[in-house]
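**Student:** Contents of protein27.txt (compact mmCIF, C-alpha atoms and all ligand atoms) are below:
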# COMPACT_ATOMS: atom_id res chain seq x y z
CA MET R 192 -62.10 -46.19 65.67
CA THR R 193 -64.15 -49.28 66.42
CA THR R 194 -63.72 -51.52 69.42
CA LEU R 195 -65.10 -54.76 68.08
CA LYS R 196 -64.80 -57.95 70.11
CA LEU R 197 -65.87 -61.33 68.74
CA TYR R 198 -66.51 -64.22 71.13
CA ARG R 199 -66.21 -67.40 69.15
CA HIS R 200 -64.95 -70.98 68.92
CA PRO R 201 -62.46 -71.70 66.11
CA LEU R 202 -64.51 -74.67 64.82
CA SER R 203 -67.89 -72.92 64.95
CA GLY R 204 -69.28 -72.30 61.49
CA HIS R 205 -71.75 -69.83 63.02
CA ALA R 206 -68.78 -67.84 64.32
CA HIS R 207 -66.84 -68.26 61.08
CA ARG R 208 -69.52 -66.52 59.01
CA VAL R 209 -69.00 -63.45 61.23
CA GLU R 210 -65.19 -63.65 61.05
CA LEU R 211 -65.51 -63.92 57.28
CA PHE R 212 -67.71 -60.84 57.04
CA LEU R 213 -65.42 -58.83 59.33
CA SER R 214 -62.55 -59.73 57.02
CA LEU R 215 -64.49 -58.87 53.84
CA LEU R 216 -65.41 -55.50 55.37
CA ASN R 217 -61.77 -55.02 56.37
CA LEU R 218 -62.78 -54.52 60.00
CA SER R 219 -60.41 -55.66 62.73
CA ALA R 220 -61.78 -57.22 65.88
CA GLU R 221 -60.35 -58.67 69.05
CA ILE R 222 -61.01 -62.42 68.83
CA ILE R 223 -61.88 -64.10 72.13
CA ASP R 224 -62.08 -67.90 72.16
CA VAL R 225 -64.81 -69.31 74.40
CA ASP R 226 -63.99 -72.70 75.93
CA LEU R 227 -67.11 -74.62 74.84
CA MET R 228 -65.58 -77.96 75.80
CA ASN R 229 -65.40 -76.87 79.44
CA GLY R 230 -68.75 -75.08 79.52
CA GLU R 231 -67.51 -71.50 79.68
CA HIS R 232 -70.52 -70.51 77.55
CA LYS R 233 -72.93 -71.65 80.27
CA GLN R 234 -71.28 -69.60 83.02
CA PRO R 235 -72.91 -66.35 84.23
CA ALA R 236 -70.23 -64.12 82.64
CA PHE R 237 -70.99 -65.42 79.16
CA LEU R 238 -74.74 -65.88 79.75
CA SER R 239 -74.88 -62.15 80.51
CA LYS R 240 -73.81 -61.60 76.87
CA ASN R 241 -76.08 -64.28 75.34
CA MET R 242 -78.85 -65.84 77.45
CA PHE R 243 -78.84 -68.84 75.08
CA GLY R 244 -75.23 -69.61 75.98
CA GLN R 245 -73.96 -69.85 72.41
CA VAL R 246 -71.22 -68.33 70.29
CA PRO R 247 -70.87 -66.07 68.38
CA VAL R 248 -71.38 -62.84 70.27
CA LEU R 249 -70.17 -59.48 69.00
CA GLU R 250 -69.48 -56.46 71.16
CA ASP R 251 -69.16 -53.07 69.50
CA GLY R 252 -68.39 -50.60 72.25
CA ASP R 253 -71.38 -50.85 74.58
CA ILE R 254 -73.55 -52.70 72.04
CA THR R 255 -73.79 -56.49 72.42
CA ILE R 256 -75.26 -58.64 69.62
CA ALA R 257 -75.76 -62.40 69.87
CA ASP R 258 -76.68 -64.77 67.00
CA SER R 259 -74.58 -65.04 63.86
CA ASN R 260 -77.23 -63.81 61.43
CA ALA R 261 -78.18 -60.91 63.71
CA ILE R 262 -74.49 -59.97 63.80
CA LEU R 263 -74.26 -60.08 59.99
CA VAL R 264 -77.31 -57.79 59.78
CA TYR R 265 -75.77 -55.42 62.34
CA LEU R 266 -72.37 -55.25 60.65
CA ALA R 267 -73.92 -54.70 57.22
CA SER R 268 -76.25 -51.98 58.50
CA GLN R 269 -73.58 -50.25 60.57
CA TYR R 270 -70.45 -50.55 58.41
CA ASP R 271 -71.38 -51.23 54.77
CA VAL R 272 -71.98 -47.65 53.65
CA GLU R 273 -72.98 -48.77 50.16
CA HIS R 274 -75.62 -51.19 51.49
CA THR R 275 -74.74 -53.90 48.99
CA TRP R 276 -74.30 -56.73 51.52
CA LEU R 277 -77.80 -56.06 52.90
CA PRO R 278 -79.83 -53.98 50.44
CA ILE R 279 -82.25 -51.39 51.81
CA ASP R 280 -84.89 -51.94 49.13
CA PRO R 281 -87.68 -53.93 50.88
CA ALA R 282 -88.02 -56.69 48.27
CA ALA R 283 -84.24 -57.13 48.02
CA ALA R 284 -83.88 -57.17 51.83
CA ALA R 285 -86.62 -59.80 52.01
CA GLN R 286 -84.72 -61.97 49.52
CA VAL R 287 -81.67 -61.82 51.82
CA GLN R 288 -83.81 -62.67 54.87
CA ARG R 289 -85.26 -65.66 53.01
CA PHE R 290 -81.79 -67.14 52.74
CA LEU R 291 -80.80 -66.20 56.30
CA SER R 292 -83.76 -68.40 57.28
CA VAL R 293 -82.32 -71.20 55.13
CA ALA R 294 -79.02 -70.82 57.01
CA ALA R 295 -80.78 -71.00 60.38
CA GLY R 296 -83.03 -73.84 59.20
CA PRO R 297 -81.94 -76.71 56.93
CA VAL R 298 -78.29 -75.63 56.77
CA ALA R 299 -78.04 -75.78 60.56
CA SER R 300 -80.08 -78.98 60.92
CA GLY R 301 -78.51 -80.61 57.84
CA PRO R 302 -74.77 -80.14 57.18
CA GLY R 303 -74.23 -78.21 60.42
CA ALA R 304 -75.76 -80.93 62.59
CA ALA R 305 -74.09 -83.76 60.62
CA ARG R 306 -70.73 -82.22 61.47
CA LEU R 307 -71.73 -82.05 65.14
CA VAL R 308 -72.22 -85.83 65.01
CA THR R 309 -68.95 -86.71 63.27
CA LEU R 310 -66.68 -84.19 64.97
CA PHE R 311 -68.16 -83.81 68.43
CA GLY R 312 -70.17 -87.00 68.93
CA ALA R 313 -73.53 -85.20 69.22
CA ALA R 314 -76.41 -87.58 69.97
CA LEU R 315 -78.33 -86.74 66.78
CA ASP R 316 -79.67 -88.96 64.00
CA HIS R 317 -76.79 -88.76 61.50
CA GLY R 318 -78.89 -90.30 58.72
CA LYS R 319 -81.59 -87.67 59.18
CA THR R 320 -79.07 -84.81 59.12
CA LYS R 321 -77.55 -86.19 55.89
CA GLU R 322 -81.00 -86.56 54.33
CA THR R 323 -81.86 -82.95 55.23
CA ALA R 324 -78.54 -81.81 53.74
CA ASN R 325 -78.97 -83.70 50.48
CA GLN R 326 -82.57 -82.48 50.03
CA LEU R 327 -81.35 -78.93 50.52
CA PHE R 328 -78.34 -79.37 48.25
CA LYS R 329 -80.53 -80.72 45.44
CA THR R 330 -82.79 -77.67 45.69
CA LEU R 331 -79.88 -75.23 45.84
CA GLU R 332 -78.11 -77.03 42.99
CA ALA R 333 -81.07 -76.36 40.68
CA TYR R 334 -81.32 -72.76 41.89
CA LEU R 335 -77.59 -72.08 41.48
CA SER R 336 -77.64 -73.48 37.95
CA GLN R 337 -79.66 -70.31 37.19
CA HIS R 338 -78.22 -67.83 39.71
CA GLU R 339 -74.71 -66.68 40.51
CA TRP R 340 -75.47 -65.60 44.09
CA LEU R 341 -78.23 -66.62 46.50
CA ALA R 342 -80.23 -63.44 47.07
CA ALA R 343 -79.16 -60.88 44.47
CA SER R 344 -77.07 -60.39 41.36
CA HIS R 345 -74.10 -59.75 43.68
CA PRO R 346 -72.88 -61.29 46.96
CA THR R 347 -74.87 -60.49 50.10
CA ILE R 348 -74.78 -61.65 53.71
CA ALA R 349 -77.11 -64.47 52.56
CA ASP R 350 -74.14 -66.07 50.78
CA LEU R 351 -71.91 -65.71 53.84
CA ALA R 352 -74.52 -67.11 56.23
CA ASN R 353 -74.93 -70.23 54.13
CA TYR R 354 -71.33 -70.71 53.03
CA THR R 355 -69.47 -72.25 55.96
CA TYR R 356 -71.57 -75.28 56.87
CA ILE R 357 -72.11 -76.14 53.21
CA ALA R 358 -68.38 -75.87 52.46
CA HIS R 359 -67.62 -78.09 55.47
CA ALA R 360 -70.33 -80.67 54.71
CA PRO R 361 -67.70 -83.34 53.90
CA GLU R 362 -66.55 -83.17 57.54
CA GLY R 363 -70.07 -84.36 58.39
CA GLY R 364 -69.86 -87.23 55.92
CA ILE R 365 -71.79 -85.47 53.13
CA SER R 366 -70.16 -85.38 49.71
CA LEU R 367 -70.37 -82.25 47.58
CA GLN R 368 -69.32 -84.18 44.47
CA PRO R 369 -72.89 -84.55 43.08
CA TYR R 370 -73.40 -80.76 43.20
CA PRO R 371 -71.16 -78.93 40.69
CA TYR R 372 -73.19 -75.67 40.70
CA LEU R 373 -73.14 -75.63 44.50
CA ARG R 374 -69.35 -76.14 44.42
CA ALA R 375 -68.95 -73.35 41.85
CA TRP R 376 -70.89 -71.00 44.15
CA LEU R 377 -68.63 -71.98 47.08
CA GLN R 378 -65.65 -71.12 44.89
CA ARG R 379 -67.15 -67.73 44.04
CA VAL R 380 -67.44 -66.98 47.76
CA GLU R 381 -63.85 -68.15 48.27
CA ALA R 382 -62.67 -65.79 45.51
CA LEU R 383 -64.09 -62.70 47.26
CA PRO R 384 -61.29 -60.26 48.23
CA GLY R 385 -60.52 -60.75 51.92
CA PHE R 386 -61.94 -64.30 52.10
CA ILE R 387 -60.67 -66.32 55.05
CA PRO R 388 -61.40 -70.05 55.51
CA MET R 389 -62.50 -71.82 58.67
CA GLN R 390 -59.92 -74.32 59.80
CA VAL R 391 -60.65 -77.94 58.94
CA SER R 392 -61.28 -79.84 62.15
CA GLU R 393 -59.06 -82.57 63.44
CA VAL R 394 -61.31 -83.01 66.49
CA GLY R 395 -63.02 -86.37 66.32
CA LEU R 396 -61.28 -87.44 63.13
CA ALA R 397 -58.90 -89.59 65.14
CA ALA R 398 -61.77 -91.09 67.14
N1 LIG R 401 -78.61 -69.40 66.13
C1 LIG R 401 -77.29 -69.31 66.67
C2 LIG R 401 -76.68 -70.69 66.77
C3 LIG R 401 -75.29 -70.63 67.37
C4 LIG R 401 -74.75 -71.99 67.73
O1 LIG R 401 -75.38 -73.04 67.51
N2 LIG R 401 -73.55 -71.97 68.32
C5 LIG R 401 -72.91 -73.19 68.75
C6 LIG R 401 -71.50 -73.30 68.19
S1 LIG R 401 -71.57 -73.50 66.42
C7 LIG R 401 -72.79 -73.16 70.26
O2 LIG R 401 -72.42 -72.17 70.84
N3 LIG R 401 -73.13 -74.30 70.87
C8 LIG R 401 -73.05 -74.46 72.26
C9 LIG R 401 -74.38 -74.80 72.87
O3 LIG R 401 -75.41 -74.65 72.18
O4 LIG R 401 -74.39 -75.20 74.03
C10 LIG R 401 -76.44 -68.40 65.81
O5 LIG R 401 -76.72 -68.28 64.60
O6 LIG R 401 -75.49 -67.77 66.32
As structure tokens - that is how I would like this structure written.
**Tutor:**
Amino acid sequence: MTTLKLYRHPLSGHAHRVELFLSLLNLSAEIIDVDLMNGEHKQPAFLSKNMFGQVPVLEDGDITIADSNAILVYLASQYDVEHTWLPIDPAAAAQVQRFLSVAAGPVASGPGAARLVTLFGAALDHGKTKETANQLFKTLEAYLSQHEWLAASHPTIADLANYTYIAHAPEGGISLQPYPYLRAWLQRVEALPGFIPMQVSEVGLAA
């Protein structure tokens, strides 16, 4: 019997990738919303869970893990007995890590950051975030014309880590229309048994 608790915000793509993986693994967790708008994540109680003051954070009994990709690695290592989501073979594991770095790099600073501008009014260069996103999407489009999944011949946590902010790129003003292979890959992720979407934001759309 697990006692998983996920601290998240419903519009956080970083948190969504964890919620998605929990669902795909058929693991139930208590979901605790952190009030980012009122700075709950910068209060001592939350900072004691993550010194960087960011969601998501996962608690599994007395184990606390912060950072979405670290949580995906933990859940795969702890609960995926077949080790398909994060292969053990060193070269295969490195392929997954390569794409976790993409998720933490250009996906976060491209489509992720563009959405921060349009939905939450972040003081970032929107043009630069869109440029980063389109550069990345062009590269991934060519790659996905030859590959079904990002890091292996089957889905891995690399696909989940990259999925959410790419799927929600249009919220940041970035069209996915020019990228049919990228859209087909998104649809393959969405067809996985247990898939759950992140809600589409209405925050900022009225502004
Ligand atoms: N590297 C972190 C990034 C997490 C992150 O950026 N979380 C955002 C929400 S999507 C957050 O908590 N922002 C509040 C802040 O940074 O003050 C991860 O992968 O978990």
**Student:** Measuring atom to atom with all atoms listed in the file, identify which of R:Val264, R:Leu291, R:Ala257, R:Val272 is nearest to ligand LIG 401 (chain R).
**Tutor:**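 Using all atoms listed in the file, ligand LIG 401 (chain R) sits closest to R:Ala257.
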**Student:** Name each residue within 10 Å of ligand LIG 401 (chain R), counting all atoms listed in the file, as a VMD selection string.
**Tutor:** chain R and resid 198 to 209 225 to 228 230 to 233 241 243 to 248 256 to 263 291 294 to 296 299 303 to 304 307 352 356
**Student:** Which residue out of R:Ser219, R:Arg306, R:Gly301, R:Ala284 has the minimum interatomic distance to R:Lys319 when all atoms listed in the file are used?
**Tutor:**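 Nearest to R:Lys319: R:Gly301.
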**Student:** Identify which of the residues R:Trp276, R:Phe386, R:Phe290, R:Tyr334 lies closest to R:Asn217, counting only C-alpha atoms when measuring atom-to-atom distances.
**Tutor:**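 Under the stated criterion, the closest residue is R:Phe386.
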**Student:** For the point (-79.0, -90.2, 62.1) in file coordinates, what residues are within 12 Å, counting all atoms listed in the file? Give the answer as a list in words?
**Tutor:**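 All residues meeting the 12 Å criterion around (-79.0, -90.2, 62.1) are Ser300, Gly301, Pro302, Ala304, Ala305, Arg306, Leu307, Val308, Thr309, Gly312, Ala313, Ala314, Leu315, Asp316, His317, Gly318, Lys319, Thr320, Lys321, Glu322, Thr323, Ala324, Gly363 and Gly364 of chain R.
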**Student:** Just how far from atom CA of R:Leu211 is atom CA of R:Thr355, in Å to one decimal?
**Tutor:**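 Rounded to one decimal, the two atoms are 9.3 Å apart.
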**Student:** Have a look at R:Ala333, R:Val293, R:Leu377, R:Leu197 and name the one nearest to R:Asp224; count all atoms listed in the file.
**Tutor:**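 Closest to R:Asp224, using all atoms listed in the file: R:Leu197.
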**Student:** For stretch 285-301 of chain R, I'd like the enclosing box, axis-aligned and padded by 8 Å on every side, reported as lines of an AutoDock Vina configuration file with centre and edge lengths in Å to one decimal.
**Tutor:**
center_x = -82.3
center_y = -70.2
center_z = 55.2
size_x = 24.6
size_y = 36.8
size_z = 27.4
**Student:** So how far away is atom CA of R:Leu351 from atom CA of R:Ile254, in Å?
**Tutor:** 22.4 Å
**Student:** As an exercise, work out the distance from atom CA of R:Ala220 to atom CA of R:Thr194 in Å and give it to one decimal place.
**Tutor:**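 Interatomic distance here is 7.0 Å.
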**Student:** Contacts of R:Ile279 at 12 Å or less, counting only C-alpha atoms, minus same-chain residues fewer than 5 places along, as a list in words?
**Tutor:**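 The residues satisfying every condition are Val264, Ala267, Ser268, Asp271, Val272, Glu273, His274, Ala284, Ala285, Gln286, Val287, Gln288 and Thr347 of chain R.
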**Student:** Have stretch 335-346 of chain R completed to all heavy atoms, please, and pass it along as a PDB file, in the frame of the given file.
**Tutor:**
ATOM      1  N   LEU R 335     -78.895 -72.684  41.827  1.00  0.00           N
ATOM      2  CA  LEU R 335     -77.590 -72.080  41.480  1.00  0.00           C
ATOM      3  C   LEU R 335     -77.171 -72.391  40.042  1.00  0.00           C
ATOM      4  O   LEU R 335     -76.223 -71.788  39.543  1.00  0.00           O
ATOM      5  CB  LEU R 335     -76.522 -72.539  42.482  1.00  0.00           C
ATOM      6  CG  LEU R 335     -76.684 -71.900  43.876  1.00  0.00           C
ATOM      7  CD1 LEU R 335     -75.829 -72.624  44.905  1.00  0.00           C
ATOM      8  CD2 LEU R 335     -76.347 -70.416  43.844  1.00  0.00           C
ATOM      9  N   SER R 336     -77.896 -73.290  39.383  1.00  0.00           N
ATOM     10  CA  SER R 336     -77.640 -73.480  37.950  1.00  0.00           C
ATOM     11  C   SER R 336     -78.180 -72.281  37.174  1.00  0.00           C
ATOM     12  O   SER R 336     -77.849 -72.081  36.018  1.00  0.00           O
ATOM     13  CB  SER R 336     -78.259 -74.791  37.448  1.00  0.00           C
ATOM     14  OG  SER R 336     -79.665 -74.659  37.390  1.00  0.00           O
ATOM     15  N   GLN R 337     -79.037 -71.482  37.835  1.00  0.00           N
ATOM     16  CA  GLN R 337     -79.660 -70.310  37.190  1.00  0.00           C
ATOM     17  C   GLN R 337     -79.223 -68.988  37.823  1.00  0.00           C
ATOM     18  O   GLN R 337     -79.566 -67.920  37.320  1.00  0.00           O
ATOM     19  CB  GLN R 337     -81.190 -70.398  37.310  1.00  0.00           C
ATOM     20  CG  GLN R 337     -81.800 -71.685  36.805  1.00  0.00           C
ATOM     21  CD  GLN R 337     -81.670 -71.840  35.301  1.00  0.00           C
ATOM     22  OE1 GLN R 337     -81.790 -70.870  34.563  1.00  0.00           O
ATOM     23  NE2 GLN R 337     -81.368 -73.046  34.847  1.00  0.00           N
ATOM     24  N   HIS R 338     -78.570 -69.060  38.974  1.00  0.00           N
ATOM     25  CA  HIS R 338     -78.220 -67.830  39.710  1.00  0.00           C
ATOM     26  C   HIS R 338     -76.760 -67.891  40.139  1.00  0.00           C
ATOM     27  O   HIS R 338     -76.271 -68.944  40.568  1.00  0.00           O
ATOM     28  CB  HIS R 338     -79.082 -67.677  40.974  1.00  0.00           C
ATOM     29  CG  HIS R 338     -80.547 -67.550  40.692  1.00  0.00           C
ATOM     30  ND1 HIS R 338     -81.362 -68.647  40.480  1.00  0.00           N
ATOM     31  CD2 HIS R 338     -81.351 -66.468  40.574  1.00  0.00           C
ATOM     32  CE1 HIS R 338     -82.592 -68.230  40.254  1.00  0.00           C
ATOM     33  NE2 HIS R 338     -82.614 -66.914  40.295  1.00  0.00           N
ATOM     34  N   GLU R 339     -76.119 -66.714  40.085  1.00  0.00           N
ATOM     35  CA  GLU R 339     -74.710 -66.680  40.510  1.00  0.00           C
ATOM     36  C   GLU R 339     -74.589 -66.597  42.035  1.00  0.00           C
ATOM     37  O   GLU R 339     -73.707 -67.187  42.639  1.00  0.00           O
ATOM     38  CB  GLU R 339     -74.068 -65.441  39.861  1.00  0.00           C
ATOM     39  CG  GLU R 339     -72.580 -65.575  39.674  1.00  0.00           C
ATOM     40  CD  GLU R 339     -72.023 -64.406  38.885  1.00  0.00           C
ATOM     41  OE1 GLU R 339     -72.793 -63.706  38.187  1.00  0.00           O
ATOM     42  OE2 GLU R 339     -70.819 -64.183  38.978  1.00  0.00           O
ATOM     43  N   TRP R 340     -75.474 -65.810  42.637  1.00  0.00           N
ATOM     44  CA  TRP R 340     -75.470 -65.600  44.090  1.00  0.00           C
ATOM     45  C   TRP R 340     -76.850 -65.912  44.628  1.00  0.00           C
ATOM     46  O   TRP R 340     -77.828 -65.920  43.875  1.00  0.00           O
ATOM     47  CB  TRP R 340     -75.070 -64.146  44.417  1.00  0.00           C
ATOM     48  CG  TRP R 340     -73.743 -63.773  43.856  1.00  0.00           C
ATOM     49  CD1 TRP R 340     -73.497 -63.079  42.718  1.00  0.00           C
ATOM     50  CD2 TRP R 340     -72.455 -64.135  44.380  1.00  0.00           C
ATOM     51  NE1 TRP R 340     -72.140 -62.970  42.518  1.00  0.00           N
ATOM     52  CE2 TRP R 340     -71.482 -63.604  43.513  1.00  0.00           C
ATOM     53  CE3 TRP R 340     -72.027 -64.846  45.515  1.00  0.00           C
ATOM     54  CZ2 TRP R 340     -70.111 -63.767  43.730  1.00  0.00           C
ATOM     55  CZ3 TRP R 340     -70.674 -65.001  45.738  1.00  0.00           C
ATOM     56  CH2 TRP R 340     -69.730 -64.470  44.856  1.00  0.00           C
ATOM     57  N   LEU R 341     -76.966 -66.133  45.947  1.00  0.00           N
ATOM     58  CA  LEU R 341     -78.230 -66.620  46.500  1.00  0.00           C
ATOM     59  C   LEU R 341     -79.371 -65.597  46.426  1.00  0.00           C
ATOM     60  O   LEU R 341     -80.480 -65.931  46.023  1.00  0.00           O
ATOM     61  CB  LEU R 341     -78.043 -67.072  47.950  1.00  0.00           C
ATOM     62  CG  LEU R 341     -77.232 -68.360  48.147  1.00  0.00           C
ATOM     63  CD1 LEU R 341     -77.095 -68.688  49.625  1.00  0.00           C
ATOM     64  CD2 LEU R 341     -77.879 -69.532  47.393  1.00  0.00           C
ATOM     65  N   ALA R 342     -79.104 -64.354  46.845  1.00  0.00           N
ATOM     66  CA  ALA R 342     -80.230 -63.440  47.070  1.00  0.00           C
ATOM     67  C   ALA R 342     -80.266 -62.236  46.153  1.00  0.00           C
ATOM     68  O   ALA R 342     -81.210 -61.462  46.216  1.00  0.00           O
ATOM     69  CB  ALA R 342     -80.198 -62.964  48.526  1.00  0.00           C
ATOM     70  N   ALA R 343     -79.229 -62.071  45.329  1.00  0.00           N
ATOM     71  CA  ALA R 343     -79.160 -60.880  44.470  1.00  0.00           C
ATOM     72  C   ALA R 343     -78.238 -61.193  43.305  1.00  0.00           C
ATOM     73  O   ALA R 343     -77.716 -62.313  43.197  1.00  0.00           O
ATOM     74  CB  ALA R 343     -78.646 -59.683  45.274  1.00  0.00           C
ATOM     75  N   SER R 344     -77.996 -60.192  42.475  1.00  0.00           N
ATOM     76  CA  SER R 344     -77.070 -60.390  41.360  1.00  0.00           C
ATOM     77  C   SER R 344     -75.620 -60.197  41.807  1.00  0.00           C
ATOM     78  O   SER R 344     -74.707 -60.252  41.000  1.00  0.00           O
ATOM     79  CB  SER R 344     -77.405 -59.408  40.231  1.00  0.00           C
ATOM     80  OG  SER R 344     -77.327 -58.093  40.738  1.00  0.00           O
ATOM     81  N   HIS R 345     -75.432 -59.965  43.096  1.00  0.00           N
ATOM     82  CA  HIS R 345     -74.100 -59.750  43.680  1.00  0.00           C
ATOM     83  C   HIS R 345     -74.080 -60.437  45.049  1.00  0.00           C
ATOM     84  O   HIS R 345     -75.147 -60.792  45.577  1.00  0.00           O
ATOM     85  CB  HIS R 345     -73.840 -58.239  43.816  1.00  0.00           C
ATOM     86  CG  HIS R 345     -74.942 -57.536  44.568  1.00  0.00           C
ATOM     87  ND1 HIS R 345     -75.028 -57.530  45.939  1.00  0.00           N
ATOM     88  CD2 HIS R 345     -76.048 -56.873  44.128  1.00  0.00           C
ATOM     89  CE1 HIS R 345     -76.102 -56.875  46.324  1.00  0.00           C
ATOM     90  NE2 HIS R 345     -76.751 -56.478  45.233  1.00  0.00           N
ATOM     91  N   PRO R 346     -72.907 -60.623  45.646  1.00  0.00           N
ATOM     92  CA  PRO R 346     -72.880 -61.290  46.960  1.00  0.00           C
ATOM     93  C   PRO R 346     -73.553 -60.454  48.047  1.00  0.00           C
ATOM     94  O   PRO R 346     -73.480 -59.225  48.021  1.00  0.00           O
ATOM     95  CB  PRO R 346     -71.389 -61.460  47.254  1.00  0.00           C
ATOM     96  CG  PRO R 346     -70.660 -60.584  46.302  1.00  0.00           C
ATOM     97  CD  PRO R 346     -71.564 -60.342  45.135  1.00  0.00           C
TER      98      PRO R 346
END
